[in-house]
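Participant: Sharing data.txt (compact mmCIF, C-alpha atoms and all ligand atoms) below.
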```txt
# COMPACT_ATOMS: atom_id res chain seq x y z
CA MET P 1110 103.63 40.75 47.98
CA ASN P 1111 102.59 38.48 45.10
CA LYS P 1112 99.82 40.46 43.41
CA ASN P 1113 98.63 37.65 41.14
CA LYS P 1114 98.33 35.26 44.04
CA ILE P 1115 96.34 37.78 46.07
CA ILE P 1116 93.95 38.33 43.15
CA GLN P 1117 93.47 34.56 42.74
CA GLN P 1118 92.77 34.15 46.46
CA THR P 1119 90.30 37.03 46.34
CA ILE P 1120 88.51 35.41 43.39
CA GLU P 1121 88.19 32.13 45.33
CA PHE P 1122 86.95 33.96 48.43
CA ILE P 1123 84.28 35.89 46.54
CA LYS P 1124 83.17 32.86 44.52
CA SER P 1125 82.56 30.85 47.67
CA ARG P 1126 80.89 33.76 49.45
CA LEU P 1127 78.48 34.67 46.68
CA ASP P 1128 77.66 31.10 45.70
CA GLY P 1129 73.89 30.72 45.35
CA GLU P 1130 73.18 34.44 45.75
CA GLY P 1131 69.85 35.00 44.01
CA THR P 1132 69.36 38.75 43.80
CA GLY P 1133 71.55 39.67 40.83
CA HIS P 1134 74.67 39.92 42.97
CA ASP P 1135 76.16 36.59 42.08
CA TRP P 1136 79.73 35.76 41.10
CA PHE P 1137 78.99 36.40 37.44
CA HIS P 1138 78.01 40.01 38.24
CA VAL P 1139 81.34 40.42 40.04
CA GLU P 1140 83.19 38.80 37.15
CA ARG P 1141 81.55 41.13 34.61
CA VAL P 1142 82.36 44.18 36.74
CA TYR P 1143 85.93 42.95 37.20
CA LYS P 1144 86.49 42.53 33.44
CA LEU P 1145 84.82 45.82 32.57
CA ALA P 1146 86.73 47.67 35.30
CA LEU P 1147 90.03 46.28 34.01
CA SER P 1148 89.28 47.45 30.49
CA ILE P 1149 88.04 50.91 31.57
CA GLY P 1150 90.92 51.17 34.04
CA LYS P 1151 93.49 50.55 31.34
CA LYS P 1152 92.17 53.44 29.23
CA GLU P 1153 91.93 55.70 32.28
CA ARG P 1154 95.44 54.76 33.48
CA ALA P 1155 94.24 53.53 36.86
CA ASP P 1156 96.29 51.19 39.03
CA GLU P 1157 95.43 47.66 37.89
CA PHE P 1158 95.93 45.94 41.25
CA ILE P 1159 93.69 48.36 43.18
CA VAL P 1160 91.04 48.24 40.45
CA SER P 1161 91.10 44.43 40.54
CA LEU P 1162 90.71 44.16 44.31
CA GLY P 1163 88.10 46.93 44.41
CA ALA P 1164 86.03 45.29 41.68
CA LEU P 1165 86.28 41.80 43.16
CA LEU P 1166 85.37 42.94 46.67
CA HIS P 1167 82.83 45.66 45.81
CA ASP P 1168 79.74 43.59 46.70
CA VAL P 1169 81.31 41.50 49.45
CA ALA P 1170 78.63 42.57 51.95
CA ASP P 1171 75.94 44.78 50.46
CA TRP P 1172 74.21 47.18 52.89
CA LYS P 1173 70.86 46.08 51.49
CA PHE P 1174 71.35 42.72 53.16
CA PHE P 1175 72.99 43.93 56.36
CA LYS P 1176 70.28 46.16 57.84
CA GLY P 1177 71.48 49.20 55.91
CA ASP P 1178 75.01 48.99 57.38
CA THR P 1179 76.97 50.82 54.68
CA LYS P 1180 80.28 50.10 56.40
CA LYS P 1181 79.88 46.31 56.55
CA GLY P 1182 81.47 45.65 53.13
CA GLY P 1183 84.58 47.67 54.00
CA LYS P 1184 84.99 45.80 57.29
CA VAL P 1185 84.76 42.38 55.65
CA ALA P 1186 87.17 43.45 52.88
CA ARG P 1187 89.68 44.79 55.43
CA GLU P 1188 89.62 41.65 57.52
CA PHE P 1189 90.09 39.45 54.46
CA LEU P 1190 93.01 41.47 53.05
CA GLU P 1191 94.70 41.76 56.46
CA ASN P 1192 94.61 37.98 56.78
CA LEU P 1193 96.39 37.71 53.44
CA GLY P 1194 99.08 40.09 54.70
CA VAL P 1195 98.29 42.83 52.17
CA GLU P 1196 99.94 46.15 53.00
CA GLU P 1197 97.92 48.89 54.71
CA GLY P 1198 98.29 51.39 51.85
CA VAL P 1199 96.52 49.00 49.50
CA ILE P 1200 93.88 47.98 52.04
CA GLY P 1201 92.95 51.60 52.72
CA GLN P 1202 92.37 52.29 49.05
CA VAL P 1203 90.31 49.14 48.52
CA VAL P 1204 88.16 49.74 51.62
CA ASP P 1205 87.48 53.27 50.40
CA ILE P 1206 86.16 51.82 47.13
CA VAL P 1207 83.97 49.18 48.81
CA ASP P 1208 82.52 51.75 51.24
CA ASN P 1209 81.57 54.24 48.53
CA VAL P 1210 80.67 52.19 45.46
CA SER P 1211 76.96 51.70 45.97
CA PHE P 1212 74.13 53.76 44.53
CA LYS P 1213 72.12 55.06 47.49
CA GLY P 1214 69.44 57.15 45.82
CA GLU P 1215 69.35 60.04 43.38
CA GLY P 1216 69.50 62.66 46.13
CA GLU P 1217 72.70 61.34 47.71
CA GLU P 1218 76.16 62.70 46.99
CA ASN P 1219 78.88 60.49 45.48
CA ASN P 1220 81.95 60.35 47.71
CA MET P 1221 84.19 58.29 45.46
CA ARG P 1222 87.58 60.03 45.32
CA SER P 1223 90.23 57.89 43.63
CA ILE P 1224 90.40 57.19 39.90
CA GLU P 1225 90.46 53.46 40.75
CA GLY P 1226 87.23 53.85 42.71
CA LYS P 1227 85.64 55.86 39.93
CA VAL P 1228 86.50 53.12 37.44
CA VAL P 1229 85.02 50.36 39.63
CA GLN P 1230 81.90 52.42 40.29
CA ASP P 1231 81.44 53.06 36.56
CA ALA P 1232 81.82 49.34 35.76
CA ASP P 1233 79.34 48.38 38.48
CA ARG P 1234 76.82 50.90 37.21
CA ILE P 1235 77.26 49.87 33.59
CA ASP P 1236 76.30 46.32 34.61
CA ALA P 1237 72.99 47.71 35.87
CA ILE P 1238 71.92 48.98 32.41
CA GLY P 1239 71.47 47.44 28.97
CA ALA P 1240 70.30 43.88 28.35
CA VAL P 1241 72.08 42.47 31.40
CA GLY P 1242 70.90 45.31 33.62
CA ILE P 1243 67.27 44.77 32.58
CA ALA P 1244 67.54 41.07 33.40
CA ARG P 1245 68.98 41.93 36.82
CA VAL P 1246 66.11 44.26 37.69
CA PHE P 1247 63.50 41.56 37.21
CA THR P 1248 65.64 38.98 38.98
CA TYR P 1249 65.98 41.27 41.98
CA GLY P 1250 62.30 42.24 41.86
CA GLY P 1251 61.23 38.59 41.63
CA SER P 1252 63.48 37.57 44.49
CA VAL P 1253 61.78 40.02 46.86
CA GLY P 1254 58.23 39.61 45.55
CA ASP P 1255 57.83 42.89 43.65
CA THR P 1256 55.25 43.20 40.93
CA ILE P 1257 56.55 43.97 37.40
CA TYR P 1258 54.52 47.15 36.97
CA ASP P 1259 51.52 48.91 38.44
CA PRO P 1260 50.40 52.18 36.80
CA ASN P 1261 48.98 53.33 40.16
CA ILE P 1262 52.37 53.27 41.86
CA LEU P 1263 54.51 56.18 40.72
CA PRO P 1264 58.31 56.32 40.85
CA VAL P 1265 59.78 58.52 43.57
CA LYS P 1266 62.02 61.32 42.37
CA ASN P 1267 65.19 62.43 44.10
CA LYS P 1268 65.25 59.67 46.68
CA LYS P 1269 67.44 60.08 49.72
CA PHE P 1270 69.19 57.06 51.21
CA LYS P 1271 66.56 56.79 53.97
CA ASP P 1272 63.83 56.17 51.39
CA TYR P 1273 65.97 54.27 48.93
CA SER P 1274 66.99 51.80 51.62
CA ALA P 1275 63.42 51.40 52.87
CA HIS P 1276 62.89 48.99 50.01
CA ALA P 1277 65.70 46.82 51.33
CA ARG P 1278 64.01 46.70 54.72
CA TRP P 1279 60.75 45.57 53.12
CA SER P 1280 62.73 42.95 51.20
CA LEU P 1281 64.09 41.52 54.42
CA GLU P 1282 60.65 41.53 55.97
CA ALA P 1283 59.22 39.84 52.88
CA ARG P 1284 61.78 37.06 53.22
CA ARG P 1285 61.15 36.56 56.91
CA ASN P 1286 57.42 36.80 56.53
CA PRO P 1287 56.41 36.22 52.91
CA VAL P 1288 52.75 37.10 53.36
CA SER P 1289 52.79 40.40 55.21
CA GLY P 1290 56.19 41.39 53.82
CA GLY P 1291 54.94 40.70 50.34
CA GLU P 1292 51.85 42.80 50.91
CA LEU P 1293 53.98 45.67 52.13
CA HIS P 1294 56.01 45.42 48.97
CA ARG P 1295 53.26 45.26 46.46
CA LYS P 1296 51.84 48.50 47.75
CA LYS P 1297 55.01 50.53 47.29
CA VAL P 1298 57.48 49.21 44.74
CA THR P 1299 57.53 47.92 41.18
CA SER P 1300 60.43 46.74 39.06
CA ILE P 1301 59.58 49.16 36.26
CA ASN P 1302 59.77 52.05 38.74
CA HIS P 1303 63.34 51.03 39.52
CA PHE P 1304 64.24 52.03 35.94
CA PHE P 1305 63.10 55.59 36.70
CA GLU P 1306 64.60 55.69 40.19
CA LYS P 1307 68.00 54.36 39.15
CA LEU P 1308 68.73 52.83 35.74
CA LEU P 1309 67.90 55.83 33.55
CA LEU P 1310 69.95 58.13 35.79
CA LEU P 1311 73.16 56.14 35.57
CA LYS P 1312 74.38 57.31 32.17
CA ASP P 1313 74.75 60.86 33.49
CA LEU P 1314 76.49 59.70 36.66
CA MET P 1315 79.46 58.07 34.94
CA ASN P 1316 82.78 59.34 36.26
CA THR P 1317 85.05 58.54 33.32
CA GLN P 1318 84.89 59.37 29.59
CA THR P 1319 85.47 55.72 28.67
CA ALA P 1320 82.47 54.60 30.72
CA LYS P 1321 80.27 57.40 29.38
CA LYS P 1322 80.57 55.99 25.88
CA ILE P 1323 79.66 52.44 26.91
CA ALA P 1324 76.85 53.66 29.17
CA SER P 1325 75.23 55.76 26.47
CA GLN P 1326 74.90 52.70 24.19
CA ARG P 1327 73.37 50.64 26.96
CA ASP P 1328 71.12 53.49 28.02
CA LYS P 1329 69.75 53.76 24.48
CA TYR P 1330 68.86 50.08 24.51
CA THR P 1331 67.25 50.38 27.96
CA ARG P 1332 65.04 53.26 26.78
CA GLU P 1333 64.00 51.33 23.66
CA TYR P 1334 63.07 48.43 25.89
CA LEU P 1335 60.89 50.66 28.08
CA GLU P 1336 59.12 52.21 25.10
CA ARG P 1337 58.31 48.77 23.83
CA PHE P 1338 57.21 47.63 27.29
CA PHE P 1339 54.66 50.46 27.54
CA ASP P 1340 53.47 49.97 23.97
CA GLU P 1341 52.86 46.30 24.71
CA TRP P 1342 51.23 47.19 28.04
CA GLU P 1343 48.72 49.34 26.18
CA GLY P 1344 48.23 46.65 23.53
CA LYS P 1345 49.52 49.01 20.83
CA ILE P 1346 51.94 46.57 19.22
P1 LIG N 1 74.96 47.15 42.16
O1 LIG N 1 75.45 45.77 42.29
O2 LIG N 1 75.06 47.69 40.78
O3 LIG N 1 75.46 48.08 43.23
P2 LIG N 1 72.51 47.09 43.54
O4 LIG N 1 73.21 46.46 44.66
O5 LIG N 1 71.89 48.42 43.80
O6 LIG N 1 73.43 47.19 42.29
O7 LIG N 1 71.41 46.11 43.01
C1 LIG N 1 71.70 44.89 42.36
C2 LIG N 1 70.82 44.73 41.13
O8 LIG N 1 69.46 44.75 41.52
C3 LIG N 1 71.00 45.89 40.14
O9 LIG N 1 70.92 45.42 38.84
C4 LIG N 1 69.85 46.81 40.48
O10 LIG N 1 69.42 47.60 39.38
C5 LIG N 1 68.79 45.83 40.94
N1 LIG N 1 67.92 46.45 41.96
C6 LIG N 1 68.30 47.11 43.08
N2 LIG N 1 67.21 47.58 43.76
C7 LIG N 1 66.14 47.19 43.01
C8 LIG N 1 64.73 47.35 43.12
N3 LIG N 1 64.19 48.02 44.13
N4 LIG N 1 63.93 46.81 42.17
C9 LIG N 1 64.47 46.13 41.12
N5 LIG N 1 65.78 45.95 40.94
C10 LIG N 1 66.61 46.46 41.87
NI NI N 2 77.68 45.41 42.15
```
Please re-express this file's structure in structure tokens.
Facilitator:
Amino acid sequence: MNKNKIIQQTIEFIKSRLDGEGTGHDWFHVERVYKLALSIGKKERADEFIVSLGALLHDVADWKFFKGDTKKGGKVAREFLENLGVEEGVIGQVVDIVDNVSFKGEGEENNMRSIEGKVVQDADRIDAIGAVGIARVFTYGGSVGDTIYDPNILPVKNKKFKDYSAHARWSLEARRNPVSGGELHRKKVTSINHFFEKLLLLKDLMNTQTAKKIASQRDKYTREYLERFFDEWEGKI
């Protein structure tokens, strides 16, 4: 098994699959996660090949865009790797990463078991905070018609997957039917609330020590941004 060749083929596959993706899940997100996962993985002594494949395939089919099917990504990853003739031991580990990587709400347990999976999950979550993470929130929000902020809509604490994924269902409806879907959205979700429902929680959910350090820097910046946002909202500065 030529590991380098498999990684190159995986890169090509993901690039072509995510081409034109407009919700903050594009190839460049995958590339950032891949690079970050490699550097965290090195410090955490994780297997480089598994980390690479897990990072490259982690968003291959996000449940948010497949009617909440949390097993879709793993299935697509398995089929792809089987076609390349990758051995079952490797496939099993990669599928486990793809199936468990995603944040599904504050109230849901994290089932990631392997160190390689923990590294990929940390890298993915780090890309959701800091300057890049902030940009991604508003890109995602804009793509599904969310308003930036509405003081009358409060964030929901301790969301379970059922509620967390409801937003994805509204997103799909908003795309199919921009008027009524959009209305549905505007009543329930704002991009700023997503900071409180996810971004600000991530620093304490890091699995590895290496990621904790990076996340705490980015978290600091994210909080400064929010303070400034609210000051500007009130016309204070
Ligand atoms: P990841 O790729 O890190 O698993 P997600 O798939 O959950 O992240 O979401 C992709 C990007 O869109 C992330 O930056 C995330 O913070 C953002 N995002 C997800 N849901 C929402 C939402 N309801 N409102 C605004 N941004 C969101
Ligand atoms: Ni991701």
Participant: Let me see if you get this right: every residue at most 6 Å from ligand LIG 1 (chain N), counting only C-alpha atoms and all ligand atoms, written as number ranges by chain.
Facilitator: P: 1133-1134, 1211-1212, 1233-1234, 1237, 1242, 1245-1246, 1249-1250, 1300, 1303
Participant: Would you mind listing the residues within 12 Å of ligand NI 2 (chain N), counting only C-alpha atoms and all ligand atoms, as number ranges by chain?
Facilitator: P: 1127, 1132-1143, 1145-1146, 1163-1173, 1182, 1206-1207, 1209-1212, 1229-1238, 1242, 1245
Participant: Which residue, P:Val1265, P:Val1204, P:Arg1337, P:Ile1149, has the smallest gap to Glu1191 in chain P when you use only C-alpha atoms?
Facilitator: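 Closest to Glu1191 in chain P, using only C-alpha atoms: P:Val1204.
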Participant: Pick out the closest residue to Ala1320 in chain P from this set: P:Ala1244, P:Ile1262, P:Val1228, P:Leu1162. Count only C-alpha atoms.
Facilitator: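 Smallest separation from Ala1320 in chain P among the options: P:Val1228.
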Participant: For Glu1188 in chain P, which residue among P:Arg1332, P:Ser1223, P:Ile1200, P:Gly1150 is the nearest when counting only C-alpha atoms?
Facilitator: P:Ile1200
Participant: So, counting all atoms listed in the file, which residue among P:Lys1112, P:Lys1307, P:Arg1327, P:Lys1297 is closest to Leu1190 in chain P?
Facilitator: P:Lys1112
Participant: So what do you get for CA of Ala1186 in chain P versus CA of Ile1115 in chain P, distance-wise?
Facilitator: 12.8 Å
Participant: Kindly give the distance, in Å, that separates CA of Thr1119 in chain P and CA of Phe1189 in chain P, rounded to a single decimal.
Facilitator: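 Interatomic distance here is 8.5 Å.
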Participant: To one decimal in Å, tell me the separation between CA of Glu1333 in chain P and CA of Gly1239 in chain P.
Facilitator: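 Here the two named atoms are 10.0 Å from each other.
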Participant: Using all atoms listed in the file, find the one residue out of P:Ser1125, P:Lys1114, P:Glu1215, P:Asn1302 that sits nearest to Ile1257 in chain P.
Facilitator: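 Going through P:Ser1125, P:Lys1114, P:Glu1215, P:Asn1302 one by one, the smallest distance to Ile1257 in chain P is for P:Asn1302.
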Participant: Name the closest residue to Lys1180 in chain P among the candidates P:Glu1343, P:Asp1205, P:Glu1218, P:Asp1255; distances are taken between atoms, counting all atoms listed in the file.
Facilitator: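 Of all the options, P:Asp1205 lies closest to Lys1180 in chain P.
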